[in-house]
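Let me begin by presenting the structure, written as structure tokens, before commenting on it.
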Amino acid sequence: MNYFPDEVLEPVFDFITSHKDRNSVSLVCKSWFKIERYSRQRVFIGNCYSTCPERLIARFPGLKSLTLKGKPHFADFNLVPHDWGGFLYPWIEALAKSRIGLEELRLKRMVVSDESLELLSKSFVNFKSLVLVSCEGFTTDGLAAIAANCRFLRELDLQENEVDDHRGHWLSCFPESCTSLVSLNFACLKGEINLGALERLVARSPNLKSLRLNRAVPFDTLEKLLMQAPQLLDLGTGSYVPDPSSEAYNRLKSAIQRCKSIRSLSGFLEVNPRCMSAIYPICANLTFLNLSYAPGLSGNELTKLIQHCRKLQRLWILDYIGDKGLGVVASTCKELQELRVFPTDPLGAGNAAVTEEGLVLISAGCPKLNSLLYFCQQMTNAALITVAKNCPNFICFRLCILDPIKPDPVTNRPLDEGFGAIVESCEGLKRLSLSGLLSDQVFLYIGMYAKQLEMLSIAFAGDSDEGMLYVLNGCKKLRKLEIRDSPFGNAALLEDVGKYETMRSLWMSSCEVTLGGCKTLAEKMPSLSVEIINESQQMEFSLDDRTVDKMYLYRTLVGHRKDAPEFVWIL
Amino acid sequence: MEVGLKMGKGGGDHVCGCEKVKMGFEETELRLGLPGGGGGEGEAIRKRFFSETVDLKLNLSSKESSGINPNEEKVKGLRQEKSLLPCANDPAKPPAKAQVVGWPPVRSFRKNMLATQKSGSEESTEKASGNSAALVKVSMDGAPYLRKVDLRMCNSYQELSDALAKMFSSFTIGNCGSQGMRDFMNESKLMDLLNGSDYVPTYEDRDGDWMLVGDVPWEMFVESCKRLRIMKGTEAIGLAPRAMEKCKNRS
């Protein structure tokens, strides 16, 4: 089938960048498979246990950029024990031994040890970019190794990781010769930072475009850094507690005026609310504003700030903004595409300050909205139906009502109709999270309408196996399904076992599936790995009719993993 | 089997569509509900799921023994122990709202971060977020006991004055001893008590100084006020010229 020599096809394939397209291209014929695999530089592995480092290295010798994801999504919410798995080290070890010239590593929910960071830093001469999201297992010593050894480091981006902060001088480990930094994000670190080292580092990084500081960086340092880096595109402040009468505050005001390129703003981990007006001059050009870690502001100050941000496309805030505040967002931010409203008090008695009213206002004012994460006190069917009408472009719709089985407070009915309207109207919907009182009906609608759905999160919903079956049968593009505390059992699980080979993974916890059901599934589908997470060790392996607390299954090319801890049974 | 399923765009149509769907499916539906109940009980069972999950450790609700099948009990018992976070079992205290593991679905990092920030700001002397109450003690000279007022419930000095007047009206009547019944009969005199000659509202600010109420903008006052004292005019002489003037006018 090859009309062109390889040399002609290779540059053509260079234009094909998306993983999906590249995967499709590789399936056309043997020849295309070969050309594609030699020219592939970026590889995405959504489940690190679906394959192994050896296969990766064998197939893609030209690999430069690797993305790996480890633990299942529900690990974010403490549903997966710490030592379940997702270890980075074996990957680095194998890559280091090979001739792969790794330049970029992006990890999510992986266990990253200092040893692996050290090995990484010493094994790849051209290593440029390290992005860690929701990872754990490392300390600032590991960061020191990266800083010291990666001579051409451009990007060090740490997002929401659990880092053991040894308060060492990891920042000082960047050698004087390191001038290549483009992006530095250490906002999630809790400890003290060597401020002098930070100032000098920023001063010698003319290409620095993104800088996100942690809470330990005081206002005075921020002001100095801004003077050094007026070319910044993305700024995350650390502590923002100026003395309004100080010279430093005046200097910051003029420094901010010079930062004409800032498009993205975050931080304010500690804040003096009366000094937010200094920020107003850059608000007009902001496209991304993340104040979701700024509980120190009040709804009023937040609203006043947002009124200056007419070009905002992405907004992450806390719920103290209130419904009225969301009204201000709706009338100001006409370009808004993504909105995330987090609970101000996720640990407490849980009274969110926003309701369905705020969401309706947003939907009316922001027709370009396509991505939502909304923690709220309550929701009504009428509101969801209105939202569906106003915003048919949702790609990602995640609603979290703080009381997970709360019905529509006006009609006392389940929220089936509301979510049904969302899936019917939003034909491009790829990700959906449900909450509130929900019966099997909502799953009927999802199976019927959500044809592009790739990820679905279910909690405390449904009446019977029917619900799960509607989804499995109807959602042809489903890749990830995660369910907790819902009455779905073996009948739903086993009806179409082949389905799971078309998906990345299935998580079911506190449902009705039994050990016997899981065993049956594992037997029928050797290409799946069916894991039972049995933390309390109370289950006996022989008792087939006991319901399983946590089950996680995924398709894999390499059989059962060898690094599972004792409390994980792989059937 | 194809069932014509249209969800109408209008509210009314919507309901019809839904009903149509339900009727079509009932006959062909395979009911695979939980043992001990038909599918229709699904909702009740799931609710019970959640509420039992939440209530078990607090011993709040008595088990509905009739509906529960011994198998379910066993099953649920296991699950519930794992779903709950440990919490104090002190029947004397009002039960804290129990937390289900992993709900609300907020990343642990975020939960920990916000908790740290909260405790940090409580320690700092910076003004707390505008949403918290600002309860301060109010003492009035001659009154047998103190009161507390939430400054954030008032939006201006006038409102504060009204609130204080309401609080202390019973005492002011009693204190009009020397003036007799005359003041008691005079309503406007009652209201004047706080703005007028006999009593002067003062407050202690963050530095520990006693200041006259009313000099600074309201917001600033709310931030800096630690406690209020309604002083007798005669004692307030040292505080401000205004107070002195009043005393002079009276005598």
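Residue numbering restarts at 1 for every chain of the structure tokens, chains are lettered A, B, ... in their displayed order, and ligands are numbered from 1 as they appear.
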For A:Lys477, find every residue with an atom within 9 Å (counting only C-alpha atoms), except residues of its own chain fewer than 6 positions away, and show them as a list in words. Lys430, Lys451, Gln452, Leu453, Glu454, Met455, Thr502 and Met503 of chain A
Enumerate as a PDB file with N, CA, C and O atoms, in the first residue's frame the residues belonging to chain A that approach chain B to within 8 Å, with only C-alpha atoms taken into account.
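Generated file (selection_19.pdb):
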```
ATOM      1  N   ASP A  76      -7.192  10.454  44.362  1.00  0.00           N
ATOM      2  CA  ASP A  76      -7.173  11.855  44.781  1.00  0.00           C
ATOM      3  C   ASP A  76      -8.006  12.070  46.035  1.00  0.00           C
ATOM      4  O   ASP A  76      -7.792  13.029  46.771  1.00  0.00           O
ATOM      5  N   PHE A  77      -9.001  11.217  46.237  1.00  0.00           N
ATOM      6  CA  PHE A  77      -9.926  11.421  47.343  1.00  0.00           C
ATOM      7  C   PHE A  77      -9.734  10.379  48.437  1.00  0.00           C
ATOM      8  O   PHE A  77     -10.683   9.987  49.111  1.00  0.00           O
ATOM      9  N   ASN A  78      -8.504   9.910  48.575  1.00  0.00           N
ATOM     10  CA  ASN A  78      -8.163   8.975  49.649  1.00  0.00           C
ATOM     11  C   ASN A  78      -8.843   7.618  49.545  1.00  0.00           C
ATOM     12  O   ASN A  78      -8.967   6.926  50.540  1.00  0.00           O
ATOM     13  N   LEU A  79      -9.283   7.231  48.358  1.00  0.00           N
ATOM     14  CA  LEU A  79      -9.918   5.920  48.254  1.00  0.00           C
ATOM     15  C   LEU A  79      -8.920   4.813  47.905  1.00  0.00           C
ATOM     16  O   LEU A  79      -9.278   3.642  47.880  1.00  0.00           O
ATOM     17  N   SER A 134       0.094  16.005  41.225  1.00  0.00           N
ATOM     18  CA  SER A 134      -0.482  15.093  42.227  1.00  0.00           C
ATOM     19  C   SER A 134       0.384  13.874  42.476  1.00  0.00           C
ATOM     20  O   SER A 134      -0.142  12.770  42.642  1.00  0.00           O
ATOM     21  N   GLU A 160       0.468  20.675  42.926  1.00  0.00           N
ATOM     22  CA  GLU A 160      -0.301  19.945  43.946  1.00  0.00           C
ATOM     23  C   GLU A 160       0.307  18.611  44.340  1.00  0.00           C
ATOM     24  O   GLU A 160      -0.390  17.616  44.481  1.00  0.00           O
ATOM     25  N   ASN A 161       1.638  18.593  44.505  1.00  0.00           N
ATOM     26  CA  ASN A 161       2.303  17.370  44.950  1.00  0.00           C
ATOM     27  C   ASN A 161       2.484  17.377  46.456  1.00  0.00           C
ATOM     28  O   ASN A 161       2.588  18.421  47.074  1.00  0.00           O
ATOM     29  N   GLU A 162       2.563  16.175  47.036  1.00  0.00           N
ATOM     30  CA  GLU A 162       2.874  16.064  48.452  1.00  0.00           C
ATOM     31  C   GLU A 162       4.383  15.904  48.560  1.00  0.00           C
ATOM     32  O   GLU A 162       4.916  14.818  48.293  1.00  0.00           O
ATOM     33  N   LEU A 269      -1.771  33.121  48.304  1.00  0.00           N
ATOM     34  CA  LEU A 269      -1.978  32.093  49.307  1.00  0.00           C
ATOM     35  C   LEU A 269      -2.191  32.717  50.674  1.00  0.00           C
ATOM     36  O   LEU A 269      -2.830  32.156  51.552  1.00  0.00           O
ATOM     37  N   GLU A 270      -1.587  33.894  50.848  1.00  0.00           N
ATOM     38  CA  GLU A 270      -1.842  34.716  52.023  1.00  0.00           C
ATOM     39  C   GLU A 270      -2.057  36.076  51.427  1.00  0.00           C
ATOM     40  O   GLU A 270      -1.279  36.473  50.554  1.00  0.00           O
ATOM     41  N   ASN A 272      -3.357  40.362  51.731  1.00  0.00           N
ATOM     42  CA  ASN A 272      -3.935  41.545  52.326  1.00  0.00           C
ATOM     43  C   ASN A 272      -4.965  42.073  51.341  1.00  0.00           C
ATOM     44  O   ASN A 272      -4.607  42.652  50.318  1.00  0.00           O
ATOM     45  N   TYR A 293      -6.876  29.167  45.765  1.00  0.00           N
ATOM     46  CA  TYR A 293      -6.147  28.959  47.015  1.00  0.00           C
ATOM     47  C   TYR A 293      -6.026  30.275  47.778  1.00  0.00           C
ATOM     48  O   TYR A 293      -5.071  30.476  48.533  1.00  0.00           O
ATOM     49  N   PRO A 295      -8.248  31.895  50.241  1.00  0.00           N
ATOM     50  CA  PRO A 295      -9.417  32.052  51.100  1.00  0.00           C
ATOM     51  C   PRO A 295      -9.419  33.370  51.859  1.00  0.00           C
ATOM     52  O   PRO A 295     -10.407  33.744  52.465  1.00  0.00           O
ATOM     53  N   GLY A 296      -8.275  34.092  51.791  1.00  0.00           N
ATOM     54  CA  GLY A 296      -8.172  35.329  52.549  1.00  0.00           C
ATOM     55  C   GLY A 296      -8.912  36.503  51.937  1.00  0.00           C
ATOM     56  O   GLY A 296      -9.024  37.562  52.544  1.00  0.00           O
ATOM     57  N   LEU A 297      -9.412  36.339  50.728  1.00  0.00           N
ATOM     58  CA  LEU A 297     -10.181  37.427  50.129  1.00  0.00           C
ATOM     59  C   LEU A 297     -11.648  37.268  50.497  1.00  0.00           C
ATOM     60  O   LEU A 297     -12.091  36.179  50.811  1.00  0.00           O
ATOM     61  N   SER A 298     -12.375  38.349  50.410  1.00  0.00           N
ATOM     62  CA  SER A 298     -13.810  38.223  50.619  1.00  0.00           C
ATOM     63  C   SER A 298     -14.500  38.230  49.256  1.00  0.00           C
ATOM     64  O   SER A 298     -13.901  38.587  48.247  1.00  0.00           O
ATOM     65  N   GLY A 299     -15.764  37.867  49.255  1.00  0.00           N
ATOM     66  CA  GLY A 299     -16.524  37.853  48.011  1.00  0.00           C
ATOM     67  C   GLY A 299     -16.486  39.202  47.327  1.00  0.00           C
ATOM     68  O   GLY A 299     -16.332  39.292  46.100  1.00  0.00           O
ATOM     69  N   THR A 344     -14.927  26.451  49.777  1.00  0.00           N
ATOM     70  CA  THR A 344     -13.995  27.161  50.652  1.00  0.00           C
ATOM     71  C   THR A 344     -13.634  26.310  51.856  1.00  0.00           C
ATOM     72  O   THR A 344     -12.547  26.390  52.394  1.00  0.00           O
ATOM     73  N   ASP A 345     -14.588  25.492  52.257  1.00  0.00           N
ATOM     74  CA  ASP A 345     -14.391  24.744  53.477  1.00  0.00           C
ATOM     75  C   ASP A 345     -14.660  23.270  53.234  1.00  0.00           C
ATOM     76  O   ASP A 345     -15.688  22.748  53.645  1.00  0.00           O
ATOM     77  N   PRO A 346     -13.737  22.570  52.563  1.00  0.00           N
ATOM     78  CA  PRO A 346     -14.035  21.187  52.200  1.00  0.00           C
ATOM     79  C   PRO A 346     -14.043  20.225  53.375  1.00  0.00           C
ATOM     80  O   PRO A 346     -14.533  19.123  53.263  1.00  0.00           O
ATOM     81  N   LEU A 347     -13.488  20.661  54.496  1.00  0.00           N
ATOM     82  CA  LEU A 347     -13.434  19.744  55.632  1.00  0.00           C
ATOM     83  C   LEU A 347     -14.580  19.949  56.595  1.00  0.00           C
ATOM     84  O   LEU A 347     -14.903  19.102  57.384  1.00  0.00           O
ATOM     85  N   ALA A 349     -18.438  21.651  57.996  1.00  0.00           N
ATOM     86  CA  ALA A 349     -19.833  21.251  57.952  1.00  0.00           C
ATOM     87  C   ALA A 349     -20.378  21.300  56.544  1.00  0.00           C
ATOM     88  O   ALA A 349     -21.466  20.819  56.290  1.00  0.00           O
ATOM     89  N   CYS A 400     -20.838  18.872  41.631  1.00  0.00           N
ATOM     90  CA  CYS A 400     -20.758  18.198  42.915  1.00  0.00           C
ATOM     91  C   CYS A 400     -21.634  18.911  43.924  1.00  0.00           C
ATOM     92  O   CYS A 400     -21.287  19.995  44.415  1.00  0.00           O
ATOM     93  N   LEU A 402     -22.902  19.140  47.557  1.00  0.00           N
ATOM     94  CA  LEU A 402     -22.210  18.692  48.765  1.00  0.00           C
ATOM     95  C   LEU A 402     -22.912  17.545  49.477  1.00  0.00           C
ATOM     96  O   LEU A 402     -22.257  16.675  50.039  1.00  0.00           O
ATOM     97  N   ILE A 405     -26.752  12.907  47.841  1.00  0.00           N
ATOM     98  CA  ILE A 405     -28.029  12.331  47.399  1.00  0.00           C
ATOM     99  C   ILE A 405     -29.166  13.336  47.548  1.00  0.00           C
ATOM    100  O   ILE A 405     -30.313  12.982  47.784  1.00  0.00           O
ATOM    101  N   GLU A 417     -33.794  14.359  35.118  1.00  0.00           N
ATOM    102  CA  GLU A 417     -34.186  15.181  33.962  1.00  0.00           C
ATOM    103  C   GLU A 417     -33.144  16.246  33.671  1.00  0.00           C
ATOM    104  O   GLU A 417     -32.839  16.543  32.517  1.00  0.00           O
ATOM    105  N   ALA A 421     -31.011  16.524  30.285  1.00  0.00           N
ATOM    106  CA  ALA A 421     -30.993  17.662  29.377  1.00  0.00           C
ATOM    107  C   ALA A 421     -29.564  18.020  28.996  1.00  0.00           C
ATOM    108  O   ALA A 421     -29.274  18.356  27.845  1.00  0.00           O
ATOM    109  N   SER A 439     -31.749   8.340  39.831  1.00  0.00           N
ATOM    110  CA  SER A 439     -32.257   6.978  39.669  1.00  0.00           C
ATOM    111  C   SER A 439     -31.646   6.373  38.399  1.00  0.00           C
ATOM    112  O   SER A 439     -30.833   6.999  37.742  1.00  0.00           O
ATOM    113  N   PHE A 460     -23.088   7.308  44.681  1.00  0.00           N
ATOM    114  CA  PHE A 460     -24.373   7.249  45.389  1.00  0.00           C
ATOM    115  C   PHE A 460     -25.536   7.424  44.415  1.00  0.00           C
ATOM    116  O   PHE A 460     -26.452   8.215  44.660  1.00  0.00           O
ATOM    117  N   ALA A 461     -25.510   6.725  43.293  1.00  0.00           N
ATOM    118  CA  ALA A 461     -26.555   6.939  42.280  1.00  0.00           C
ATOM    119  C   ALA A 461     -27.094   5.620  41.746  1.00  0.00           C
ATOM    120  O   ALA A 461     -26.432   4.591  41.826  1.00  0.00           O
ATOM    121  N   GLY A 462     -28.266   5.675  41.161  1.00  0.00           N
ATOM    122  CA  GLY A 462     -28.845   4.517  40.497  1.00  0.00           C
ATOM    123  C   GLY A 462     -29.667   3.630  41.426  1.00  0.00           C
ATOM    124  O   GLY A 462     -29.593   3.736  42.650  1.00  0.00           O
ATOM    125  N   ASP A 463     -30.480   2.780  40.815  1.00  0.00           N
ATOM    126  CA  ASP A 463     -31.323   1.877  41.609  1.00  0.00           C
ATOM    127  C   ASP A 463     -30.952   0.414  41.424  1.00  0.00           C
ATOM    128  O   ASP A 463     -31.181  -0.401  42.308  1.00  0.00           O
ATOM    129  N   SER A 464     -30.457   0.072  40.247  1.00  0.00           N
ATOM    130  CA  SER A 464     -30.269  -1.349  39.941  1.00  0.00           C
ATOM    131  C   SER A 464     -29.215  -1.500  38.855  1.00  0.00           C
ATOM    132  O   SER A 464     -28.722  -0.519  38.307  1.00  0.00           O
ATOM    133  N   ASP A 465     -28.919  -2.735  38.540  1.00  0.00           N
ATOM    134  CA  ASP A 465     -27.939  -3.049  37.490  1.00  0.00           C
ATOM    135  C   ASP A 465     -28.277  -2.373  36.168  1.00  0.00           C
ATOM    136  O   ASP A 465     -27.404  -2.084  35.362  1.00  0.00           O
ATOM    137  N   GLU A 466     -29.565  -2.142  35.942  1.00  0.00           N
ATOM    138  CA  GLU A 466     -29.995  -1.480  34.704  1.00  0.00           C
ATOM    139  C   GLU A 466     -29.201  -0.220  34.447  1.00  0.00           C
ATOM    140  O   GLU A 466     -28.788   0.070  33.337  1.00  0.00           O
ATOM    141  N   ASP A 485     -20.237   3.508  45.796  1.00  0.00           N
ATOM    142  CA  ASP A 485     -21.464   3.518  46.601  1.00  0.00           C
ATOM    143  C   ASP A 485     -22.731   3.530  45.763  1.00  0.00           C
ATOM    144  O   ASP A 485     -23.633   4.352  45.986  1.00  0.00           O
ATOM    145  N   SER A 486     -22.804   2.629  44.797  1.00  0.00           N
ATOM    146  CA  SER A 486     -24.001   2.535  43.965  1.00  0.00           C
ATOM    147  C   SER A 486     -24.403   1.072  43.828  1.00  0.00           C
ATOM    148  O   SER A 486     -23.544   0.207  43.843  1.00  0.00           O
ATOM    149  N   PRO A 487     -25.699   0.788  43.705  1.00  0.00           N
ATOM    150  CA  PRO A 487     -26.169  -0.608  43.762  1.00  0.00           C
ATOM    151  C   PRO A 487     -26.020  -1.375  42.453  1.00  0.00           C
ATOM    152  O   PRO A 487     -26.984  -1.946  41.940  1.00  0.00           O
ATOM    153  N   ALA A 491     -24.451  -8.837  37.742  1.00  0.00           N
ATOM    154  CA  ALA A 491     -25.172  -8.914  36.470  1.00  0.00           C
ATOM    155  C   ALA A 491     -24.723  -7.811  35.526  1.00  0.00           C
ATOM    156  O   ALA A 491     -24.494  -8.037  34.339  1.00  0.00           O
ATOM    157  N   SER A 510     -17.538  -0.018  46.987  1.00  0.00           N
ATOM    158  CA  SER A 510     -18.767  -0.019  47.776  1.00  0.00           C
ATOM    159  C   SER A 510     -19.997  -0.207  46.901  1.00  0.00           C
ATOM    160  O   SER A 510     -21.016   0.452  47.089  1.00  0.00           O
ATOM    161  N   ARG A 546     -19.091 -12.733  49.079  1.00  0.00           N
ATOM    162  CA  ARG A 546     -18.902 -11.474  49.808  1.00  0.00           C
ATOM    163  C   ARG A 546     -18.749 -10.359  48.792  1.00  0.00           C
ATOM    164  O   ARG A 546     -18.084 -10.536  47.776  1.00  0.00           O
ATOM    165  N   THR A 547     -19.359  -9.211  49.098  1.00  0.00           N
ATOM    166  CA  THR A 547     -19.167  -8.104  48.161  1.00  0.00           C
ATOM    167  C   THR A 547     -17.767  -7.534  48.355  1.00  0.00           C
ATOM    168  O   THR A 547     -17.195  -7.581  49.441  1.00  0.00           O
ATOM    169  N   ASP A 549     -14.991  -4.658  48.381  1.00  0.00           N
ATOM    170  CA  ASP A 549     -14.956  -3.259  48.779  1.00  0.00           C
ATOM    171  C   ASP A 549     -14.479  -2.352  47.649  1.00  0.00           C
ATOM    172  O   ASP A 549     -15.079  -1.335  47.347  1.00  0.00           O
TER     173      ASP A 549
END
```
As a PyMOL selection string, please: the residues near A:Ala388 (cut-off 7 Å, only C-alpha atoms, same-chain neighbours under 2 positions excluded). chain A and resi 384-386+390-392+421-422+425
A:Ile35, A:Leu312, A:Met379, A:Leu265: which is nearest A:Pro11, counting only C-alpha atoms?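 For A:Pro11, the nearest of the given residues is A:Ile35.
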Selection near stretch 37-42 of chain A, 9 Å with only C-alpha atoms, sequence-local residues under 6 positions removed, as a VMD selection string: chain A and resid 10 to 11 13 to 14 17 19 22 26 59 to 67 104
Suppose we keep C-alpha atoms; can you now write the selection as a PDB file, in the first residue's frame?
```pdb
ATOM      1  CA  GLU A  10       8.291  10.793   7.391  1.00  0.00           C
ATOM      2  CA  PRO A  11       7.982  14.553   7.059  1.00  0.00           C
ATOM      3  CA  PHE A  13       3.886  12.228   9.581  1.00  0.00           C
ATOM      4  CA  ASP A  14       5.661  15.030  11.401  1.00  0.00           C
ATOM      5  CA  THR A  17       0.851  15.430  16.332  1.00  0.00           C
ATOM      6  CA  HIS A  19      -1.755  10.871  19.990  1.00  0.00           C
ATOM      7  CA  ARG A  22      -0.667   8.903  15.467  1.00  0.00           C
ATOM      8  CA  SER A  26       0.205   3.221  12.952  1.00  0.00           C
ATOM      9  CA  ARG A  59       8.791   0.364  19.869  1.00  0.00           C
ATOM     10  CA  PHE A  60       9.771   4.029  20.013  1.00  0.00           C
ATOM     11  CA  PRO A  61      13.528   4.466  19.862  1.00  0.00           C
ATOM     12  CA  GLY A  62      13.159   8.146  19.048  1.00  0.00           C
ATOM     13  CA  LEU A  63      11.224   8.889  22.228  1.00  0.00           C
ATOM     14  CA  LYS A  64      11.798  12.349  23.629  1.00  0.00           C
ATOM     15  CA  SER A  65       8.709  13.121  25.674  1.00  0.00           C
ATOM     16  CA  LEU A  66       6.857  10.700  27.935  1.00  0.00           C
ATOM     17  CA  THR A  67       3.605  11.213  29.827  1.00  0.00           C
ATOM     18  CA  GLU A 104      10.539  15.679  28.825  1.00  0.00           C
TER      19      GLU A 104
END
```
Interatomic distance (Å, one decimal) between atom CA of A:Ser529 and atom CA of A:Val497: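 Computing the Euclidean distance for atom CA of A:Ser529 and atom CA of A:Val497 yields 12.6 Å.
Minimum atom-to-atom distance to B:Asp141, evaluated using only C-alpha atoms, belongs to B:Pro201 out of B:Pro201, B:Met153, B:Phe221, B:Ser119.
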One decimal, in Å: what's the spacing between atom CA of A:Ala58 and atom CA of A:Val568?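 Between atom CA of A:Ala58 and atom CA of A:Val568 the gap is 29.5 Å.
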What is the atom CA of A:Cys259-atom CA of A:Pro230 distance in Å, reported with one decimal?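 Atom-to-atom, atom CA of A:Cys259 and atom CA of A:Pro230 are spaced 4.5 Å apart.
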